[in-house]
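Participant: Contents of query_5.cif (mmCIF, C-alpha atoms) are given next:
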data_final
#
loop_
_atom_site.label_atom_id
_atom_site.label_comp_id
_atom_site.auth_asym_id
_atom_site.auth_seq_id
_atom_site.Cartn_x
_atom_site.Cartn_y
_atom_site.Cartn_z
CA MET B 621 135.17 135.00 154.65
CA ALA B 622 136.26 131.38 154.47
CA ALA B 623 132.62 130.20 154.81
CA SER B 624 131.46 132.29 151.86
CA LEU B 625 134.36 131.01 149.82
CA MET B 626 133.32 127.47 150.77
CA PHE B 627 129.76 128.12 149.69
CA ARG B 628 130.88 129.62 146.39
CA ARG B 629 133.10 126.65 145.66
CA ILE B 630 130.26 124.17 146.54
CA ASN B 631 127.87 126.05 144.27
CA VAL B 632 130.36 125.97 141.44
CA ALA B 633 130.93 122.27 141.98
CA LEU B 634 127.22 121.58 141.87
CA ALA B 635 126.81 123.62 138.69
CA ASN B 636 129.63 121.68 137.08
CA LEU B 637 128.00 118.43 138.18
CA GLU B 638 124.70 119.50 136.65
CA ARG B 639 126.43 120.43 133.36
CA THR B 640 128.22 117.11 133.14
CA LEU B 641 125.04 115.19 133.90
CA VAL B 642 123.17 117.06 131.15
CA GLU B 643 126.02 116.33 128.72
CA LEU B 644 125.93 112.70 129.69
CA LEU B 645 122.18 112.43 129.17
CA ASN B 646 122.26 114.38 125.91
CA PRO B 647 125.36 113.11 124.05
CA ARG B 648 124.19 114.64 120.75
CA GLY B 649 123.82 118.07 122.21
CA PRO B 650 120.75 119.77 123.59
CA PRO B 651 117.35 118.41 122.45
CA PRO B 652 115.49 120.26 119.68
CA ASP B 653 112.97 122.92 120.57
CA ALA B 654 110.09 120.66 119.60
CA PHE B 655 110.80 118.57 122.64
CA CYS B 656 109.94 121.42 124.89
CA LEU B 657 106.88 120.95 127.05
CA VAL B 658 104.34 123.35 125.74
CA GLY B 659 100.99 123.87 127.31
CA VAL B 660 101.04 120.66 129.28
CA GLU B 661 99.19 120.63 132.49
CA GLY B 662 101.54 120.23 135.35
CA TYR B 663 100.53 120.69 138.89
CA ARG B 664 97.44 122.79 139.10
CA VAL B 665 97.32 125.31 141.86
CA SER B 666 94.23 124.67 143.93
CA GLY B 667 92.67 128.07 143.70
CA ASN B 668 89.04 129.02 144.33
CA GLU B 669 87.74 128.29 140.86
CA PRO B 670 83.96 128.81 140.42
CA LYS B 671 82.23 125.38 140.38
CA PRO B 672 79.47 124.80 137.78
CA PHE B 673 76.05 125.47 139.34
CA SER B 674 73.91 122.35 140.08
CA ILE B 675 70.66 121.86 141.99
CA LYS B 676 72.24 118.94 143.82
CA ASP B 677 74.32 121.42 145.85
CA ILE B 678 71.15 122.89 147.29
CA ILE B 679 69.01 119.83 147.78
CA GLY B 680 71.85 117.34 148.13
CA ASP B 681 70.57 113.86 147.29
CA GLY B 682 67.05 115.22 147.79
CA LEU B 683 65.87 114.49 144.27
CA LEU B 684 66.00 110.78 145.16
CA TRP B 685 63.89 111.01 148.34
CA ALA B 686 60.70 108.88 148.63
CA VAL B 687 61.06 107.51 145.14
CA PRO B 688 61.24 103.86 144.08
CA LYS B 689 64.77 102.73 143.43
CA HIS B 690 63.90 99.47 141.70
CA ARG B 691 60.92 98.04 139.89
CA ARG B 692 58.76 95.70 141.98
CA SER B 693 58.85 92.23 140.50
CA LEU B 694 55.67 90.41 139.57
CA GLU B 695 56.19 87.93 142.39
CA LYS B 696 56.36 90.71 144.98
CA ARG B 697 53.30 92.41 143.53
CA LEU B 698 51.25 89.22 143.59
CA LYS B 699 52.37 88.45 147.15
CA ARG B 700 51.21 91.88 148.31
CA LYS B 701 47.92 91.50 146.49
CA PHE B 702 46.96 87.94 147.31
CA GLY B 703 49.07 87.22 150.37
CA ASP B 704 51.70 84.56 151.00
CA PRO B 705 52.37 82.31 154.01
CA GLU B 706 55.90 83.70 154.34
CA TYR B 707 54.88 87.34 153.85
CA VAL B 708 51.36 88.20 155.05
CA ASN B 709 48.78 85.45 154.84
CA LYS B 710 45.52 86.79 153.41
CA LEU B 711 43.98 83.39 152.74
CA ILE B 712 41.00 82.19 154.75
CA LEU B 713 42.11 79.11 156.64
CA PRO B 714 39.67 76.33 157.58
CA LYS B 715 38.70 76.47 161.25
CA THR B 716 39.75 73.58 163.45
CA THR B 717 37.72 74.84 166.41
CA LEU B 718 34.35 73.57 165.18
CA ARG B 719 32.49 70.89 167.10
CA VAL B 720 29.24 69.03 166.66
CA CYS B 721 26.42 69.73 169.11
CA ASN B 722 25.39 66.56 170.96
CA THR B 723 21.74 67.60 171.16
CA CYS B 724 20.86 68.81 167.69
CA GLY B 725 23.81 67.75 165.49
CA ASP B 726 24.64 71.20 164.12
CA ASP B 727 28.14 72.66 164.20
CA HIS B 728 29.31 75.37 166.53
CA GLU B 729 32.58 76.93 167.61
CA VAL B 730 34.40 75.65 170.65
CA GLY B 731 33.39 77.53 173.77
CA VAL B 732 30.18 78.85 172.21
CA LEU B 733 26.67 77.55 172.88
CA CYS B 734 25.15 75.78 169.91
CA PRO B 735 23.25 78.58 168.06
CA THR B 736 20.28 76.41 167.05
CA CYS B 737 19.75 75.14 170.60
CA TYR B 738 20.27 78.59 172.07
CA LYS B 739 17.76 80.09 169.67
CA LYS B 740 15.10 77.75 171.06
CA VAL B 741 16.00 78.84 174.59
CA ILE B 742 15.79 82.50 173.58
CA GLU B 743 12.31 82.05 172.10
CA GLU B 744 11.02 80.21 175.16
CA THR B 745 12.53 82.84 177.46
CA LYS B 746 10.83 85.57 175.49
CA LEU B 747 7.46 83.86 175.85
CA MET B 748 8.01 83.48 179.59
CA GLN B 749 9.04 87.11 179.94
CA ASP B 750 5.96 88.31 178.04
CA LYS B 751 3.69 86.18 180.25
CA ILE B 752 5.34 87.45 183.43
CA GLN B 753 5.00 91.02 182.17
CA GLU B 754 1.29 90.40 181.52
CA GLU B 755 0.77 89.07 185.06
CA LEU B 756 2.86 91.50 187.10
CA LYS B 757 2.41 94.62 184.98
CA LEU B 758 3.97 97.55 186.81
CA GLU B 759 3.64 96.28 190.39
CA PRO B 760 6.83 95.91 192.45
CA VAL B 761 8.09 92.34 192.84
CA GLU B 762 7.78 91.56 196.58
CA THR B 763 7.19 87.82 196.54
CA GLU B 764 8.76 84.97 194.63
CA VAL B 765 7.53 84.56 191.06
CA VAL B 766 7.04 80.98 189.83
CA VAL B 767 6.44 80.06 186.19
CA LEU B 768 4.39 76.90 185.71
CA TYR B 769 3.45 74.93 182.63
CA ASN B 770 0.36 72.84 181.95
CA GLY B 771 -0.60 70.56 184.82
CA GLU B 772 2.21 71.55 187.21
CA LYS B 773 0.10 73.55 189.60
CA ASP B 774 -1.77 70.42 190.71
CA ASP B 775 1.45 68.52 191.48
CA LYS B 776 1.93 70.35 194.76
CA PRO B 777 -0.69 71.13 197.47
CA SER B 778 -2.12 74.64 197.51
CA GLU B 779 -0.21 75.56 200.74
CA PHE B 780 3.02 75.22 198.73
CA TRP B 781 2.03 78.15 196.55
CA GLN B 782 1.12 80.37 199.55
CA GLY B 783 3.61 83.23 199.44
CA LYS B 784 4.35 83.07 195.71
CA ARG B 785 3.12 84.78 192.54
CA ILE B 786 2.20 82.19 189.93
CA VAL B 787 2.54 82.74 186.20
CA GLU B 788 0.87 80.04 184.17
CA MET B 789 2.12 79.30 180.67
CA GLU B 790 -0.60 77.84 178.51
CA LYS B 791 1.61 75.22 176.93
CA GLU B 792 3.45 71.98 177.63
CA ARG B 793 6.84 72.12 179.27
CA PRO B 794 9.56 71.79 176.57
CA SER B 795 11.46 68.53 176.80
CA TRP B 796 14.83 70.27 177.19
CA PHE B 797 13.63 72.51 180.05
CA SER B 798 14.28 70.65 183.27
CA LYS B 799 12.20 71.47 186.37
CA ASN B 800 15.33 71.58 188.47
CA LEU B 801 16.46 74.73 186.75
CA THR B 802 13.73 76.72 188.45
CA GLN B 803 14.79 75.47 191.86
CA GLN B 804 16.76 78.22 193.54
CA THR B 805 19.29 76.18 195.48
CA THR B 806 19.86 72.65 196.70
CA GLN B 807 21.99 73.69 199.65
CA GLN B 808 20.18 73.11 202.95
CA PRO B 809 19.76 76.09 205.27
CA ALA B 810 22.50 76.35 207.93
CA THR B 811 21.91 74.75 211.38
CA THR B 812 24.60 76.63 213.36
CA SER B 813 25.80 80.22 213.18
CA ASP B 814 29.47 79.14 213.37
CA VAL B 815 31.61 80.40 210.54
CA LYS B 816 33.76 77.71 208.99
CA PRO B 817 36.57 76.94 209.60
CA SER B 818 36.37 77.24 213.37
CA GLN B 819 38.62 76.07 216.22
CA LEU B 820 41.86 76.92 214.44
CA GLY B 821 45.13 76.98 216.37
CA MET P 172 -17.44 82.53 108.58
CA ALA P 173 -17.27 85.36 111.15
CA LEU P 174 -18.28 82.94 113.91
CA TYR P 175 -15.47 80.58 112.91
CA LYS P 176 -12.92 83.44 113.07
CA VAL P 177 -14.07 84.51 116.52
CA LYS P 178 -13.84 80.93 117.76
CA SER P 179 -10.25 80.54 116.49
CA LEU P 180 -9.18 83.84 118.06
CA PHE P 181 -10.67 82.71 121.35
CA GLN P 182 -8.67 79.48 121.18
CA LEU P 183 -5.54 81.46 120.36
CA GLY P 184 -6.17 83.74 123.33
CA ASN P 185 -6.41 80.73 125.60
CA GLN P 186 -3.04 79.50 124.42
CA ILE P 187 -1.32 82.88 124.85
CA GLN P 188 -2.69 83.52 128.33
CA PRO P 189 -0.65 80.98 130.34
CA LEU P 190 2.56 82.14 128.60
CA LEU P 191 1.92 85.76 129.62
CA ILE P 192 1.26 84.68 133.18
CA THR P 193 4.54 82.79 133.43
CA GLN P 194 6.50 85.76 132.06
CA CYS P 195 4.83 88.29 134.33
CA ASP P 196 5.24 85.91 137.26
CA LYS P 197 8.96 86.72 137.60
CA PHE P 198 8.63 90.43 136.92
CA HIS P 199 9.49 91.70 140.37
CA THR P 200 11.61 88.87 141.66
CA THR P 201 14.45 88.97 139.12
CA SER P 202 17.66 90.79 139.99
CA ASP P 203 18.33 94.34 138.84
CA LEU P 204 20.69 93.29 136.09
CA SER P 205 18.12 91.36 134.13
CA ALA P 206 15.64 94.21 134.27
CA TRP P 207 17.00 96.03 131.27
CA SER P 208 19.22 93.49 129.53
CA ARG P 209 18.77 89.90 128.49
CA ASN P 210 20.48 87.75 131.12
CA SER P 211 23.65 87.13 129.16
CA GLY P 212 25.97 85.46 131.61
CA PRO P 213 28.53 82.76 130.93
CA LYS P 214 27.01 79.56 129.55
CA ARG P 215 30.00 77.48 128.53
CA TRP P 216 30.56 76.04 132.00
CA LEU P 217 27.16 74.38 132.08
CA LYS P 218 27.74 72.79 128.67
CA TYR P 219 30.25 70.45 130.29
CA ASN P 220 27.28 68.76 131.93
CA ASP P 221 25.83 67.85 128.53
CA VAL P 222 28.92 66.01 127.29
CA ILE P 223 28.11 62.34 126.76
CA TYR P 224 31.12 60.10 127.27
CA PRO P 225 31.48 56.81 125.43
CA PRO P 226 30.89 53.68 127.49
CA GLN P 227 33.96 52.39 129.33
CA SER P 228 35.39 48.90 129.07
CA PRO P 229 35.38 46.82 132.28
CA ASP P 230 39.18 46.98 132.79
CA GLU P 231 39.27 50.78 132.51
CA GLU P 232 39.32 52.89 135.64
CA PRO P 233 35.76 54.10 136.25
CA ARG P 234 35.26 57.73 135.40
CA PRO P 235 33.84 59.50 138.48
CA ALA P 236 30.56 61.34 138.07
CA PHE P 237 30.75 65.11 138.16
CA VAL P 238 28.45 68.11 138.02
CA CYS P 239 29.25 71.66 136.91
CA HIS P 240 27.21 74.45 138.42
CA GLN P 241 27.41 78.21 138.50
CA ARG P 242 25.73 81.33 139.74
CA THR P 243 26.10 84.50 137.68
CA ASN P 244 26.16 88.14 138.65
CA ILE P 245 26.43 87.84 142.38
CA LYS P 246 26.66 91.34 143.88
CA TYR P 247 30.12 90.89 145.39
CA SER P 248 33.64 91.79 144.36
CA PRO P 249 35.37 89.02 142.39
CA TRP P 250 38.68 89.66 144.15
CA LYS P 251 37.08 89.16 147.56
CA MET P 252 35.14 86.13 146.35
CA TRP P 253 38.42 84.52 145.25
CA TYR P 254 39.45 83.96 148.87
CA ILE P 255 36.22 82.08 149.60
CA ALA P 256 36.57 80.01 146.43
CA SER P 257 40.16 79.16 147.41
CA LEU P 258 39.07 78.01 150.87
CA VAL P 259 36.62 75.48 149.47
CA ARG P 260 38.81 73.97 146.77
CA GLY P 261 39.72 70.33 147.35
CA MET P 262 37.39 69.81 150.33
CA SER P 263 34.59 67.32 150.65
CA VAL P 264 31.18 68.90 150.19
CA ASP P 265 30.12 68.42 153.82
CA GLU P 266 33.34 69.96 155.13
CA ALA P 267 33.01 72.83 152.64
CA ILE P 268 29.48 73.71 153.74
CA LYS P 269 30.45 73.42 157.41
CA GLN P 270 33.43 75.77 156.97
CA LEU P 271 31.46 78.25 154.87
CA LYS P 272 28.90 78.64 157.65
CA PHE P 273 31.64 80.15 159.82
CA VAL P 274 33.20 82.45 157.21
CA LEU P 275 32.14 85.99 158.07
CA LYS P 276 31.92 87.28 154.51
CA LYS P 277 29.04 88.21 152.24
CA GLY P 278 30.04 85.86 149.45
CA SER P 279 30.11 82.77 151.66
CA LYS P 280 26.31 82.59 151.66
CA ASP P 281 26.15 82.45 147.85
CA VAL P 282 28.93 79.89 147.60
CA MET P 283 27.23 77.67 150.18
CA GLU P 284 23.94 77.85 148.29
CA VAL P 285 25.62 77.04 144.98
CA ILE P 286 27.35 73.99 146.43
CA GLU P 287 24.10 72.73 147.96
CA GLU P 288 22.27 73.24 144.65
CA ALA P 289 25.04 71.43 142.81
CA ARG P 290 24.76 68.52 145.20
CA GLU P 291 21.01 68.30 144.57
CA LEU P 292 21.60 68.36 140.82
CA ALA P 293 24.23 65.66 141.10
CA ILE P 294 21.85 63.33 142.90
CA LYS P 295 18.88 64.03 140.62
CA GLU P 296 20.45 64.32 137.18
CA HIS P 297 24.03 63.13 137.22
CA ASN P 298 23.76 59.65 138.61
CA VAL P 299 25.45 60.25 141.95
CA GLN P 300 24.41 57.76 144.59
CA TYR P 301 25.34 59.49 147.85
CA GLY P 302 25.35 63.25 148.35
CA THR P 303 28.06 62.87 150.98
CA ASN P 304 30.46 61.20 148.55
CA LEU P 305 31.22 64.42 146.66
CA TRP P 306 34.20 66.78 146.75
CA VAL P 307 34.91 70.17 145.26
CA ALA P 308 37.18 69.53 142.30
CA GLU P 309 37.09 73.03 140.82
CA SER P 310 35.99 76.28 142.37
CA PHE P 311 36.73 79.63 140.78
CA VAL P 312 35.42 83.12 140.20
CA GLY P 313 34.89 85.30 137.15
CA LYS P 314 34.26 89.02 136.81
CA GLY P 315 30.65 89.86 136.11
CA GLN P 316 29.02 93.05 134.98
CA VAL P 317 30.36 96.33 136.32
CA ILE P 318 27.89 99.15 136.81
CA LYS P 319 29.41 102.59 137.07
CA GLY P 320 28.06 105.28 139.30
CA MET P 321 29.15 108.61 140.69
CA ARG P 322 29.63 110.01 144.15
CA ARG P 323 30.36 113.48 145.35
CA HIS P 324 33.48 114.57 147.13
CA GLY P 325 34.21 117.90 148.77
CA ARG P 326 35.06 121.03 146.83
CA MET P 327 32.92 120.28 143.80
CA ARG P 328 34.84 117.15 142.93
CA HIS P 329 33.34 113.88 141.85
CA GLY P 330 34.36 110.26 142.17
CA LEU P 331 33.60 107.21 140.08
CA VAL P 332 32.03 104.30 141.94
CA ARG P 333 32.17 100.84 140.37
CA TYR P 334 29.67 98.22 141.49
CA PHE P 335 31.21 94.83 140.79
CA HIS P 336 29.44 91.56 140.22
CA CYS P 337 31.02 88.15 140.03
CA HIS P 338 30.23 84.71 138.70
CA TYR P 339 30.97 81.67 140.85
CA PHE P 340 31.69 78.31 139.18
CA VAL P 341 31.98 74.98 140.92
CA ARG P 342 32.53 71.39 139.83
CA LEU P 343 31.71 68.60 142.23
CA GLU P 344 33.18 65.16 141.63
CA GLU P 345 32.13 61.87 143.15
CA GLY P 346 34.55 60.18 145.51
CA THR P 347 36.79 61.07 148.44
CA PRO P 348 38.86 64.25 148.17
CA PRO P 349 42.61 63.90 147.53
CA LYS P 350 44.98 64.38 150.47
CA ASP P 351 46.95 67.22 148.85
CA TYR P 352 44.95 69.20 146.33
CA TYR P 353 47.60 71.85 145.91
CA MET P 354 50.88 70.50 144.61
CA HIS P 355 53.09 72.03 147.28
CA ALA P 356 52.14 69.70 150.10
CA PRO P 357 54.76 69.49 152.87
CA LYS P 358 57.20 66.63 152.35
CA GLU P 359 57.51 63.75 154.78
CA PRO P 360 60.61 63.92 157.04
CA SER P 361 61.86 60.58 155.67
CA GLN P 362 61.45 61.89 152.12
CA GLN P 363 63.28 65.09 153.03
CA LEU P 364 66.14 63.06 154.51
CA GLN P 365 66.42 60.92 151.39
CA GLU P 366 66.55 63.96 149.16
CA TRP P 367 69.18 65.62 151.35
CA LEU P 368 71.33 62.51 151.27
CA GLU P 369 71.08 62.36 147.46
CA GLU P 370 72.07 66.02 147.18
CA MET P 371 75.08 65.44 149.41
CA ARG P 372 76.21 62.42 147.46
CA LYS P 373 75.86 64.16 144.10
CA ARG P 374 78.55 66.67 145.01
CA LYS P 375 81.86 66.54 143.18
CA ILE P 376 85.09 68.30 144.10
CA ILE P 377 86.22 69.72 140.79
CA ASN P 378 89.62 68.77 139.44
CA SER P 379 89.86 65.98 141.96
CA LEU P 380 90.67 62.35 141.42
#
Could I get this structure in the form of structure tokens?

Facilitator:
Amino acid sequence: MAASLMFRRINVALANLERTLVELLNPRGPPPDAFCLVGVEGYRVSGNEPKPFSIKDIIGDGLLWAVPKHRRSLEKRLKRKFGDPEYVNKLILPKTTLRVCNTCGDDHEVGVLCPTCYKKVIEETKLMQDKIQEELKLEPVETEVVVLYNGEKDDKPSEFWQGKRIVEMEKERPSWFSKNLTQQTTQQPATTSDVKPSQLG
Amino acid sequence: MALYKVKSLFQLGNQIQPLLITQCDKFHTTSDLSAWSRNSGPKRWLKYNDVIYPPQSPDEEPRPAFVCHQRTNIKYSPWKMWYIASLVRGMSVDEAIKQLKFVLKKGSKDVMEVIEEARELAIKEHNVQYGTNLWVAESFVGKGQVIKGMRRHGRMRHGLVRYFHCHYFVRLEEGTPPKDYYMHAPKEPSQQLQEWLEEMRKRKIINSL
């Protein structure tokens, strides 16, 4: 009973306060009707309004996939076309690995036999191979085959050529073809059957 | 009267005959392009060889001898030939020929031949003393005739095939080649340092004393 009375009195006091405040703020009476807020958007209630339909909702940012974003500048285009040291070098650079052959004076790459000299060797080898083929035909090779040039057969006695097949080339020995090349090995045959190193430990 | 006419015709025939022989001589050795059309390639480059310069006074710097040479309608793409032409620019002739021997491209053979021909011309006609004392001052490529053909693709589709030809121009000059033919040669470290120092000293702190 006393609490409800209290509440009623507080309410009344608040209403009086409100009235006095309004009177204070509006000394010339209430404002005219024109000052009323009409049709002004206040707080909008966030309801489920239908959004306008757009393809972007389906594809997302898909319309901008795999498509150029900016124009390629002329510099970039020319670099791609003709190459650039800082991008991808397409230029042919001069080779520093070329050397002069001591025998013939032509140029060749480092680590490669001089092509002009090698060509001569190839031709001579072919002639030798043809001659050997002529001599041996289809027989199996059971003895050593020796290729001799003009006048070399008479250098050694006939016993030297005993167990060997001789192929005679009807031409002079080329100046660059040393006789030592045909020698099989310079190492002397072994005298003992000991395997080196022996007497270890 | 009739006898006189026959005699003159006979003489005329004798004069025409060698001309016909020389024309028929090159019938099967010319390239395809000159078979149907008159060989109308670029001619302006070779006209530089015919320019006669006035004599120089003794205190003037001697004008080096040069020779302009070209080869037209080489069956090779001009864009691919450009790389070979760029390689050779600014080199001495010996170095150029040596490098071209090791370039694994079709156009390198033609370029090498042109440079060798130009060197021969320089010695014979352009008053160059030593064939070794030449360098490649200018070397560039032009687009030649383009012959269009067709090729078949699958599904009844066709493709256009373009057969490109190019012209190669070279100018050999007498003397030793310059150290840096292209302007952007790398700077010396001392020069770089000098320039950096100058840049640093040029700076000003704005609104300072």

Participant: Hey, which of B:Leu698, B:Leu713, B:Ala622, B:Val687 ends up closest to chain P? Count only C-alpha atoms.

Facilitator: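 Closest residue, counting only C-alpha atoms: B:Leu713.
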
Participant: Up to 12 Å from chain B, what residues of chain P turn up? Count only C-alpha atoms and give them as a ChimeraX atom specification.

Facilitator: /P:250-262,265-276,279

Participant: What does the structure give for the distance between atom CA of P:Leu343 and atom CA of P:Pro225, in Å to one decimal?

Facilitator: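 Between these atoms lies a distance of 20.5 Å.
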
Participant: Enter the distance from atom CA of B:Val730 to atom CA of B:Asp704, in Å, rounded to one decimal.

Facilitator: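 For atom CA of B:Val730 relative to atom CA of B:Asp704, the distance reads 27.7 Å.
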
Participant: Find the distance between atom CA of P:Ser248 and atom CA of P:Lys280 and write it in Å to one decimal.

Facilitator: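 Between atom CA of P:Ser248 and atom CA of P:Lys280 the gap works out to 13.8 Å.
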
Participant: Using the chain letters and residue numbers of this document, give as an MDAnalysis selection string the residues selected by the PyMOL selection byres ((chain B and resi 743-755) around 12).

Facilitator: chainID B and resid 736:742 756:761 764:769 785:797

Participant: Keeping only C-alpha atoms, take the residues you just selected and write them out as a PDB file, in the coordinates of the input.

Facilitator:
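Output saved as again.pdb:
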ATOM      1  CA  THR B 736      20.280  76.410 167.050  1.00  0.00           C
ATOM      2  CA  CYS B 737      19.750  75.140 170.600  1.00  0.00           C
ATOM      3  CA  TYR B 738      20.270  78.590 172.070  1.00  0.00           C
ATOM      4  CA  LYS B 739      17.760  80.090 169.670  1.00  0.00           C
ATOM      5  CA  LYS B 740      15.100  77.750 171.060  1.00  0.00           C
ATOM      6  CA  VAL B 741      16.000  78.840 174.590  1.00  0.00           C
ATOM      7  CA  ILE B 742      15.790  82.500 173.580  1.00  0.00           C
ATOM      8  CA  LEU B 756       2.860  91.500 187.100  1.00  0.00           C
ATOM      9  CA  LYS B 757       2.410  94.620 184.980  1.00  0.00           C
ATOM     10  CA  LEU B 758       3.970  97.550 186.810  1.00  0.00           C
ATOM     11  CA  GLU B 759       3.640  96.280 190.390  1.00  0.00           C
ATOM     12  CA  PRO B 760       6.830  95.910 192.450  1.00  0.00           C
ATOM     13  CA  VAL B 761       8.090  92.340 192.840  1.00  0.00           C
ATOM     14  CA  GLU B 764       8.760  84.970 194.630  1.00  0.00           C
ATOM     15  CA  VAL B 765       7.530  84.560 191.060  1.00  0.00           C
ATOM     16  CA  VAL B 766       7.040  80.980 189.830  1.00  0.00           C
ATOM     17  CA  VAL B 767       6.440  80.060 186.190  1.00  0.00           C
ATOM     18  CA  LEU B 768       4.390  76.900 185.710  1.00  0.00           C
ATOM     19  CA  TYR B 769       3.450  74.930 182.630  1.00  0.00           C
ATOM     20  CA  ARG B 785       3.120  84.780 192.540  1.00  0.00           C
ATOM     21  CA  ILE B 786       2.200  82.190 189.930  1.00  0.00           C
ATOM     22  CA  VAL B 787       2.540  82.740 186.200  1.00  0.00           C
ATOM     23  CA  GLU B 788       0.870  80.040 184.170  1.00  0.00           C
ATOM     24  CA  MET B 789       2.120  79.300 180.670  1.00  0.00           C
ATOM     25  CA  GLU B 790      -0.600  77.840 178.510  1.00  0.00           C
ATOM     26  CA  LYS B 791       1.610  75.220 176.930  1.00  0.00           C
ATOM     27  CA  GLU B 792       3.450  71.980 177.630  1.00  0.00           C
ATOM     28  CA  ARG B 793       6.840  72.120 179.270  1.00  0.00           C
ATOM     29  CA  PRO B 794       9.560  71.790 176.570  1.00  0.00           C
ATOM     30  CA  SER B 795      11.460  68.530 176.800  1.00  0.00           C
ATOM     31  CA  TRP B 796      14.830  70.270 177.190  1.00  0.00           C
ATOM     32  CA  PHE B 797      13.630  72.510 180.050  1.00  0.00           C
TER      33      PHE B 797
END
